[in-house]
Amino acid sequence: MPPPVSKSTTTSGATGKVSTTGSSSSKSTSVAKTGAKASTLTPKVKMGNGASATQVVVDGETYDLGKLKLVIPEMKTELKDKDNKIRKLEIESRDKTKQINEHSKEITRLKEEVHKLKSVLQLKVHKDGKPDILATIQESETPLVIQEVRSKKQGVSGESSSNSQSNVELKHHDKDFRSKQLIKDAILDNDFLKNLDSTQVREIVDCMYDKKIQEGHFIIKEGESGNHLYVSADGEVEVQKDGQILGRMASGRAFGELAILYNCTRTASVKALTEVKVWVLDRGMFQAIMMKTGIQRRDENIKYLRSVPLLRDLPADKLSKLADVLEIDFYHEGEYIIREGATGDSFFILNKGEVKVTQRIQGHNNPQEIRKLKRGDYFGEKALLSEDRRTANVIALPPGVECLTVDRDSFNQLIGDLNELRNKDYGDAARGASRCSMVSSPRDLVPKTKKKIGITERK
């Protein structure tokens, strides 16, 4: 019998050493490989009788090759799952980072608004340590209310102007469409100016003139009195407050509005980081715009009220007072302006669009349509004259409606004694109208957009 010849295969890698030993009739082989992963090697050595090696040794540990072959696919699947989780976490991380950046920008914006409000109010502290709001009101100031939104939106006010302001000629400055749109967007994006009506915004856009500011120069300085409203057109500016940088502004932002609205000192400094172009509006021109557009709007309201049959014979002084207290409400199609069974505190005159009136009638499960109203018609007076509850539903028809509204007190003082209102027969008894209880959702009665369109001077 010939002597047995040994066969050995040796593989060394970064993670360990694998050796396999077997018997053969006449051969001896030694192979060395580097750079391969020990865990992925599956050495197989044929014996003289056809058998193969079934074990490997890695770093002194012996493993069964059959079991390793089963484990490797599982490890690959597990590795793939972990890769997917890592990618998912990376996406989530990017989203969170984006949210943080957005929140940081919002915080910066809110800080700027807080600084503005503090400057306007000149907040004082009472002896109990709480803010003394009453101490912030200065008796010498008599601001002119230009616009107010009853739905809790920020109103636009301005210091009172002399009567001569209405005689100031509004000087328009030529500008291209892009510049006009930039100024308009900046005004509508500003919390203190966005509630100006379209006529006022248009006049501001036309009356602004351009000005160049050199790099490193201050456009406005904190603590100084201000007489101009600015809209950044080109270049980049930096906002500073109490010696600290609050942030930077690119083109399309309005600033300096508080000085012309409230005659207060500048609440922050704005410095040009590059050569900057700004659009400018003087305080006197702003006041003249407010007075002129306010008077025009009031005249338009009086003219319209005279066209309403109910009001055409109203004395001039009452008609003028009514124009001062009018508010304008906007309702989307399908929206309930008033709801049957609800309490009522407003009188409505249709200015644009149509509405349908529905009412609960005996013998019917659902409210029935009883009439439609158009421009110049009015409704809501019955609850103010004799009853606290609304006796019908009034629903806006497509594409929506615009109503002029009067509150209960003004209604009773100015038009509540008109015979046409008190003697009007609504036909409820003839139709068999049924009474219903108060609606359970009064929030449905609040219109989404309300603007006060009269001009009132605070005393």
# chains A, B, ... in the order shown; residues from 1 in each chain; ligands from 1

call {"tool": "residues_around", "arguments": {"residues": "Ile245 in chain A", "least_positions_apart": "2", "cutoff": "12 Å", "atoms": "only C-alpha atoms", "output": "mmCIF file with all heavy atoms, in the first residue's frame"}}
result
data_model
loop_
_atom_site.group_PDB
_atom_site.id
_atom_site.type_symbol
_atom_site.label_atom_id
_atom_site.label_comp_id
_atom_site.auth_asym_id
_atom_site.auth_seq_id
_atom_site.Cartn_x
_atom_site.Cartn_y
_atom_site.Cartn_z
ATOM 1 N N THR A 108 -37.233 83.576 13.766
ATOM 2 C CA THR A 108 -36.603 84.855 13.461
ATOM 3 C C THR A 108 -37.647 85.884 13.045
ATOM 4 O O THR A 108 -37.620 87.038 13.483
ATOM 5 C CB THR A 108 -35.570 84.678 12.336
ATOM 6 O OG1 THR A 108 -34.560 83.757 12.765
ATOM 7 C CG2 THR A 108 -34.910 86.012 11.995
ATOM 8 N N LYS A 111 -39.632 86.967 16.057
ATOM 9 C CA LYS A 111 -38.844 87.862 16.905
ATOM 10 C C LYS A 111 -38.885 89.282 16.360
ATOM 11 O O LYS A 111 -38.992 90.253 17.117
ATOM 12 C CB LYS A 111 -37.395 87.364 16.991
ATOM 13 C CG LYS A 111 -37.200 86.170 17.919
ATOM 14 C CD LYS A 111 -35.740 85.776 17.987
ATOM 15 C CE LYS A 111 -35.525 84.625 18.961
ATOM 16 N NZ LYS A 111 -34.101 84.216 19.015
ATOM 17 N N GLU A 112 -38.802 89.383 15.026
ATOM 18 C CA GLU A 112 -38.874 90.709 14.412
ATOM 19 C C GLU A 112 -40.225 91.363 14.706
ATOM 20 O O GLU A 112 -40.293 92.558 15.029
ATOM 21 C CB GLU A 112 -38.674 90.586 12.895
ATOM 22 C CG GLU A 112 -37.275 90.151 12.492
ATOM 23 C CD GLU A 112 -37.147 89.971 10.989
ATOM 24 O OE1 GLU A 112 -38.124 90.275 10.275
ATOM 25 O OE2 GLU A 112 -36.079 89.523 10.540
ATOM 26 N N VAL A 237 -29.827 92.930 2.307
ATOM 27 C CA VAL A 237 -29.695 93.794 3.484
ATOM 28 C C VAL A 237 -29.675 92.940 4.745
ATOM 29 O O VAL A 237 -30.144 91.800 4.757
ATOM 30 C CB VAL A 237 -30.839 94.827 3.564
ATOM 31 C CG1 VAL A 237 -30.825 95.745 2.365
ATOM 32 C CG2 VAL A 237 -32.187 94.136 3.699
ATOM 33 N N GLU A 238 -29.123 93.524 5.797
ATOM 34 C CA GLU A 238 -29.000 92.833 7.083
ATOM 35 C C GLU A 238 -29.801 93.589 8.138
ATOM 36 O O GLU A 238 -29.756 94.820 8.208
ATOM 37 C CB GLU A 238 -27.530 92.761 7.479
ATOM 38 C CG GLU A 238 -27.247 92.046 8.793
ATOM 39 C CD GLU A 238 -25.756 92.015 9.088
ATOM 40 O OE1 GLU A 238 -25.221 93.053 9.536
ATOM 41 O OE2 GLU A 238 -25.127 90.972 8.833
ATOM 42 N N VAL A 239 -30.539 92.848 8.970
ATOM 43 C CA VAL A 239 -31.356 93.452 10.022
ATOM 44 C C VAL A 239 -30.646 93.274 11.363
ATOM 45 O O VAL A 239 -30.264 92.160 11.729
ATOM 46 C CB VAL A 239 -32.758 92.808 10.082
ATOM 47 C CG1 VAL A 239 -33.605 93.490 11.145
ATOM 48 C CG2 VAL A 239 -33.440 92.888 8.730
ATOM 49 N N GLN A 240 -30.474 94.374 12.094
ATOM 50 C CA GLN A 240 -29.798 94.348 13.388
ATOM 51 C C GLN A 240 -30.716 94.913 14.463
ATOM 52 O O GLN A 240 -31.477 95.844 14.221
ATOM 53 C CB GLN A 240 -28.505 95.172 13.333
ATOM 54 C CG GLN A 240 -27.502 94.711 12.292
ATOM 55 C CD GLN A 240 -26.301 95.629 12.211
ATOM 56 O OE1 GLN A 240 -26.169 96.574 12.988
ATOM 57 N NE2 GLN A 240 -25.407 95.364 11.266
ATOM 58 N N LYS A 241 -30.630 94.322 15.652
ATOM 59 C CA LYS A 241 -31.419 94.777 16.784
ATOM 60 C C LYS A 241 -30.573 94.671 18.046
ATOM 61 O O LYS A 241 -30.037 93.609 18.352
ATOM 62 C CB LYS A 241 -32.681 93.913 16.932
ATOM 63 C CG LYS A 241 -33.509 94.195 18.177
ATOM 64 C CD LYS A 241 -34.214 95.529 18.081
ATOM 65 C CE LYS A 241 -35.115 95.762 19.280
ATOM 66 N NZ LYS A 241 -35.805 97.067 19.227
ATOM 67 N N ASP A 242 -30.431 95.782 18.764
ATOM 68 C CA ASP A 242 -29.626 95.807 19.996
ATOM 69 C C ASP A 242 -28.218 95.278 19.766
ATOM 70 O O ASP A 242 -27.663 94.557 20.590
ATOM 71 C CB ASP A 242 -30.309 94.984 21.098
ATOM 72 C CG ASP A 242 -31.658 95.557 21.500
ATOM 73 O OD1 ASP A 242 -31.821 96.791 21.422
ATOM 74 O OD2 ASP A 242 -32.544 94.778 21.880
ATOM 75 N N GLY A 243 -27.651 95.612 18.612
ATOM 76 C CA GLY A 243 -26.289 95.202 18.306
ATOM 77 C C GLY A 243 -26.161 93.773 17.822
ATOM 78 O O GLY A 243 -25.056 93.321 17.496
ATOM 79 N N GLY A 247 -31.005 88.716 11.094
ATOM 80 C CA GLY A 247 -31.100 87.953 9.852
ATOM 81 C C GLY A 247 -30.867 88.837 8.646
ATOM 82 O O GLY A 247 -30.513 90.009 8.768
ATOM 83 N N ARG A 248 -31.060 88.233 7.475
ATOM 84 C CA ARG A 248 -30.879 88.960 6.222
ATOM 85 C C ARG A 248 -32.176 88.957 5.421
ATOM 86 O O ARG A 248 -32.999 88.058 5.556
ATOM 87 C CB ARG A 248 -29.757 88.324 5.393
ATOM 88 C CG ARG A 248 -28.381 88.431 6.059
ATOM 89 C CD ARG A 248 -27.295 87.871 5.152
ATOM 90 N NE ARG A 248 -25.971 88.031 5.745
ATOM 91 C CZ ARG A 248 -24.829 87.712 5.114
ATOM 92 N NH1 ARG A 248 -24.869 87.222 3.893
ATOM 93 N NH2 ARG A 248 -23.692 87.891 5.727
ATOM 94 N N MET A 249 -32.328 89.977 4.603
ATOM 95 C CA MET A 249 -33.497 90.083 3.741
ATOM 96 C C MET A 249 -33.055 90.213 2.298
ATOM 97 O O MET A 249 -32.161 91.001 1.989
ATOM 98 C CB MET A 249 -34.347 91.306 4.113
ATOM 99 C CG MET A 249 -35.130 91.177 5.406
ATOM 100 S SD MET A 249 -36.384 92.477 5.573
ATOM 101 C CE MET A 249 -35.385 93.955 5.450
ATOM 102 N N ALA A 268 -35.456 98.718 14.586
ATOM 103 C CA ALA A 268 -34.249 97.952 14.241
ATOM 104 C C ALA A 268 -33.471 98.719 13.186
ATOM 105 O O ALA A 268 -33.960 99.712 12.631
ATOM 106 C CB ALA A 268 -34.616 96.563 13.733
ATOM 107 N N SER A 269 -32.262 98.269 12.946
ATOM 108 C CA SER A 269 -31.418 98.872 11.896
ATOM 109 C C SER A 269 -31.398 97.955 10.689
ATOM 110 O O SER A 269 -31.421 96.728 10.825
ATOM 111 C CB SER A 269 -29.996 99.078 12.403
ATOM 112 O OG SER A 269 -29.972 99.973 13.506
ATOM 113 N N VAL A 270 -31.350 98.542 9.501
ATOM 114 C CA VAL A 270 -31.249 97.783 8.256
ATOM 115 C C VAL A 270 -30.054 98.313 7.482
ATOM 116 O O VAL A 270 -30.004 99.505 7.146
ATOM 117 C CB VAL A 270 -32.534 97.892 7.409
ATOM 118 C CG1 VAL A 270 -32.367 97.136 6.098
ATOM 119 C CG2 VAL A 270 -33.732 97.353 8.178
ATOM 120 N N LYS A 271 -29.093 97.431 7.235
ATOM 121 C CA LYS A 271 -27.831 97.816 6.605
ATOM 122 C C LYS A 271 -27.673 97.113 5.265
ATOM 123 O O LYS A 271 -27.988 95.926 5.125
ATOM 124 C CB LYS A 271 -26.668 97.434 7.536
ATOM 125 C CG LYS A 271 -25.286 97.787 7.007
ATOM 126 C CD LYS A 271 -24.229 97.340 8.006
ATOM 127 C CE LYS A 271 -22.826 97.658 7.508
ATOM 128 N NZ LYS A 271 -21.791 97.200 8.476
#

call {"tool": "residues_around", "arguments": {"residues": "range 380-391 of chain A", "least_positions_apart": "5", "cutoff": "6 Å", "atoms": "only C-alpha atoms", "output": "PDB file with C-alpha atoms, in the first residue's frame"}}
result
ATOM      1  CA  GLU A 340     -82.520  79.244  11.164  1.00  0.00           C
ATOM      2  CA  GLY A 341     -82.808  79.102  14.942  1.00  0.00           C
ATOM      3  CA  ALA A 342     -79.566  80.947  15.627  1.00  0.00           C
ATOM      4  CA  THR A 343     -79.363  84.251  17.466  1.00  0.00           C
ATOM      5  CA  GLY A 344     -78.900  87.268  15.224  1.00  0.00           C
ATOM      6  CA  PHE A 347     -78.390  93.258   9.253  1.00  0.00           C
ATOM      7  CA  PHE A 348     -77.291  92.396   5.686  1.00  0.00           C
TER       8      PHE A 348
END

call {"tool": "atom_distance", "arguments": {"atom1": "CA of Glu333 in chain A", "atom2": "CA of Val355 in chain A"}}
result
8.9 Å

call {"tool": "residues_around", "arguments": {"residues": "range 399-413 of chain A", "least_positions_apart": "6", "cutoff": "7 Å", "atoms": "only C-alpha atoms", "output": "count of residues only"}}
result
20

call {"tool": "select_by_dssp", "arguments": {"residues": "range 157-252 of chain A", "states": "alpha helix (DSSP H)", "output": "NGL selection string"}}
result
:A and (177-188 or 198-207)

call {"tool": "closest_residue", "arguments": {"among": "A:Ile213, A:Val394, A:Ile415, A:Met290", "to": "Pro367 in chain A", "atoms": "only C-alpha atoms"}}
result
A:Val394

call {"tool": "residues_around", "arguments": {"residues": "range 176-179 of chain A", "least_positions_apart": "3", "cutoff": "12 Å", "atoms": "only C-alpha atoms", "output": "list of chain:residue names"}}
result
A:His173, A:Leu182, A:Ile183, A:Lys184, A:Asp185, A:Ala186, A:Val205, A:Asp206, A:Met208, A:Tyr209, A:Asp210, A:Val231, A:Ser232, A:Ala233, A:Asp234, A:Ser251, A:Gly252, A:Lys277, A:Val278, A:Trp279

call {"tool": "atom_distance", "arguments": {"atom1": "CA of Leu110 in chain A", "atom2": "CA of Glu236 in chain A"}}
result
20.2 Å

call {"tool": "select_by_dssp", "arguments": {"residues": "range 201-392 of chain A", "states": "strand (DSSP E or B)", "output": "PyMOL selection string"}}
result
chain A and resi 209-213+218-220+225+228-234+237-241+244-249+254-255+265+269-272+276-282+327-331+336-338+343+346-352+355-359+361+368-373+378-379+389

call {"tool": "residues_around", "arguments": {"residues": "Val357 in chain A", "least_positions_apart": "6", "cutoff": "12 Å", "atoms": "only C-alpha atoms", "output": "list in words"}}
result
Gly334, Tyr336, Ile337, Ile338, Arg339, Glu340, Pro367, Gln368, Glu369, Ile370, Arg371, Lys372, Leu373, Lys374, Tyr378, Phe379, Gly380, Arg390, Thr391, Ala392, Asn393, Val394, Ile395, Ala396, Leu397 and Tyr426 of chain A

call {"tool": "atom_distance", "arguments": {"atom1": "CA of Asp324 in chain A", "atom2": "CA of Arg283 in chain A"}}
result
24.8 Å

call {"tool": "residues_around", "arguments": {"residues": "Ile187 in chain A", "least_positions_apart": "3", "cutoff": "10 Å", "atoms": "only C-alpha atoms", "output": "PyMOL selection string"}}
result
chain A and resi 181-184+190-196+201+204-205+230-231+252-255+257

call {"tool": "write_last_selection", "arguments": {"atoms": "N, CA, C and O atoms", "output": "PDB file, in the first residue's frame"}}
result
ATOM      1  N   GLN A 181     -45.426  94.425  -9.463  1.00  0.00           N
ATOM      2  CA  GLN A 181     -45.834  93.170  -8.837  1.00  0.00           C
ATOM      3  C   GLN A 181     -45.009  92.883  -7.597  1.00  0.00           C
ATOM      4  O   GLN A 181     -45.531  92.389  -6.588  1.00  0.00           O
ATOM      5  N   LEU A 182     -43.713  93.206  -7.632  1.00  0.00           N
ATOM      6  CA  LEU A 182     -42.845  92.992  -6.474  1.00  0.00           C
ATOM      7  C   LEU A 182     -43.309  93.831  -5.283  1.00  0.00           C
ATOM      8  O   LEU A 182     -43.375  93.338  -4.149  1.00  0.00           O
ATOM      9  N   ILE A 183     -43.640  95.110  -5.534  1.00  0.00           N
ATOM     10  CA  ILE A 183     -44.103  95.983  -4.451  1.00  0.00           C
ATOM     11  C   ILE A 183     -45.434  95.488  -3.896  1.00  0.00           C
ATOM     12  O   ILE A 183     -45.633  95.423  -2.671  1.00  0.00           O
ATOM     13  N   LYS A 184     -46.339  95.108  -4.779  1.00  0.00           N
ATOM     14  CA  LYS A 184     -47.652  94.620  -4.345  1.00  0.00           C
ATOM     15  C   LYS A 184     -47.513  93.372  -3.477  1.00  0.00           C
ATOM     16  O   LYS A 184     -48.126  93.268  -2.406  1.00  0.00           O
ATOM     17  N   ASN A 190     -46.840  91.635   4.240  1.00  0.00           N
ATOM     18  CA  ASN A 190     -46.489  92.311   5.485  1.00  0.00           C
ATOM     19  C   ASN A 190     -47.683  92.309   6.436  1.00  0.00           C
ATOM     20  O   ASN A 190     -48.787  92.705   6.067  1.00  0.00           O
ATOM     21  N   ASP A 191     -47.463  91.845   7.680  1.00  0.00           N
ATOM     22  CA  ASP A 191     -48.561  91.699   8.629  1.00  0.00           C
ATOM     23  C   ASP A 191     -49.256  93.015   8.960  1.00  0.00           C
ATOM     24  O   ASP A 191     -50.425  93.021   9.339  1.00  0.00           O
ATOM     25  N   PHE A 192     -48.542  94.133   8.835  1.00  0.00           N
ATOM     26  CA  PHE A 192     -49.117  95.426   9.204  1.00  0.00           C
ATOM     27  C   PHE A 192     -49.761  96.148   8.024  1.00  0.00           C
ATOM     28  O   PHE A 192     -50.447  97.139   8.205  1.00  0.00           O
ATOM     29  N   LEU A 193     -49.534  95.656   6.810  1.00  0.00           N
ATOM     30  CA  LEU A 193     -50.052  96.336   5.621  1.00  0.00           C
ATOM     31  C   LEU A 193     -51.010  95.485   4.805  1.00  0.00           C
ATOM     32  O   LEU A 193     -51.714  96.007   3.941  1.00  0.00           O
ATOM     33  N   LYS A 194     -51.054  94.180   5.061  1.00  0.00           N
ATOM     34  CA  LYS A 194     -51.782  93.268   4.171  1.00  0.00           C
ATOM     35  C   LYS A 194     -53.292  93.489   4.164  1.00  0.00           C
ATOM     36  O   LYS A 194     -53.973  93.008   3.256  1.00  0.00           O
ATOM     37  N   ASN A 195     -53.832  94.210   5.160  1.00  0.00           N
ATOM     38  CA  ASN A 195     -55.275  94.428   5.199  1.00  0.00           C
ATOM     39  C   ASN A 195     -55.712  95.727   4.530  1.00  0.00           C
ATOM     40  O   ASN A 195     -56.887  96.094   4.607  1.00  0.00           O
ATOM     41  N   LEU A 196     -54.776  96.427   3.899  1.00  0.00           N
ATOM     42  CA  LEU A 196     -55.172  97.574   3.087  1.00  0.00           C
ATOM     43  C   LEU A 196     -56.021  97.081   1.925  1.00  0.00           C
ATOM     44  O   LEU A 196     -55.825  95.969   1.425  1.00  0.00           O
ATOM     45  N   VAL A 201     -53.579  99.796  -1.949  1.00  0.00           N
ATOM     46  CA  VAL A 201     -52.362  99.102  -2.389  1.00  0.00           C
ATOM     47  C   VAL A 201     -51.931  99.609  -3.757  1.00  0.00           C
ATOM     48  O   VAL A 201     -50.744  99.863  -4.004  1.00  0.00           O
ATOM     49  N   ILE A 204     -50.286 103.023  -3.438  1.00  0.00           N
ATOM     50  CA  ILE A 204     -48.943 102.912  -2.843  1.00  0.00           C
ATOM     51  C   ILE A 204     -47.942 102.438  -3.885  1.00  0.00           C
ATOM     52  O   ILE A 204     -46.827 102.963  -4.001  1.00  0.00           O
ATOM     53  N   VAL A 205     -48.345 101.434  -4.670  1.00  0.00           N
ATOM     54  CA  VAL A 205     -47.463 100.908  -5.720  1.00  0.00           C
ATOM     55  C   VAL A 205     -47.098 102.016  -6.710  1.00  0.00           C
ATOM     56  O   VAL A 205     -45.931 102.188  -7.079  1.00  0.00           O
ATOM     57  N   TYR A 230     -40.197 101.318   3.004  1.00  0.00           N
ATOM     58  CA  TYR A 230     -39.292 100.792   1.990  1.00  0.00           C
ATOM     59  C   TYR A 230     -39.736  99.402   1.523  1.00  0.00           C
ATOM     60  O   TYR A 230     -40.320  98.632   2.295  1.00  0.00           O
ATOM     61  N   VAL A 231     -39.426  99.103   0.262  1.00  0.00           N
ATOM     62  CA  VAL A 231     -39.542  97.743  -0.272  1.00  0.00           C
ATOM     63  C   VAL A 231     -38.225  97.441  -0.969  1.00  0.00           C
ATOM     64  O   VAL A 231     -37.808  98.170  -1.876  1.00  0.00           O
ATOM     65  N   GLY A 252     -37.935  91.985  -2.327  1.00  0.00           N
ATOM     66  CA  GLY A 252     -39.350  91.671  -2.175  1.00  0.00           C
ATOM     67  C   GLY A 252     -39.864  91.724  -0.756  1.00  0.00           C
ATOM     68  O   GLY A 252     -40.873  91.094  -0.447  1.00  0.00           O
ATOM     69  N   ARG A 253     -39.223  92.479   0.135  1.00  0.00           N
ATOM     70  CA  ARG A 253     -39.685  92.604   1.518  1.00  0.00           C
ATOM     71  C   ARG A 253     -39.954  94.071   1.844  1.00  0.00           C
ATOM     72  O   ARG A 253     -39.181  94.954   1.492  1.00  0.00           O
ATOM     73  N   ALA A 254     -41.064  94.320   2.543  1.00  0.00           N
ATOM     74  CA  ALA A 254     -41.403  95.673   2.987  1.00  0.00           C
ATOM     75  C   ALA A 254     -40.907  95.873   4.414  1.00  0.00           C
ATOM     76  O   ALA A 254     -41.034  94.971   5.243  1.00  0.00           O
ATOM     77  N   PHE A 255     -40.345  97.031   4.701  1.00  0.00           N
ATOM     78  CA  PHE A 255     -39.889  97.329   6.061  1.00  0.00           C
ATOM     79  C   PHE A 255     -39.975  98.833   6.302  1.00  0.00           C
ATOM     80  O   PHE A 255     -40.066  99.626   5.366  1.00  0.00           O
ATOM     81  N   GLU A 257     -42.482 100.107   8.025  1.00  0.00           N
ATOM     82  CA  GLU A 257     -43.891 100.498   8.000  1.00  0.00           C
ATOM     83  C   GLU A 257     -44.381 101.088   9.312  1.00  0.00           C
ATOM     84  O   GLU A 257     -45.292 101.920   9.326  1.00  0.00           O
TER      85      GLU A 257
END

call {"tool": "residues_around", "arguments": {"residues": "Asp313 in chain A", "least_positions_apart": "5", "cutoff": "12 Å", "atoms": "only C-alpha atoms", "output": "PyMOL selection string"}}
result
chain A and resi 305-308+318-319+415+418-420
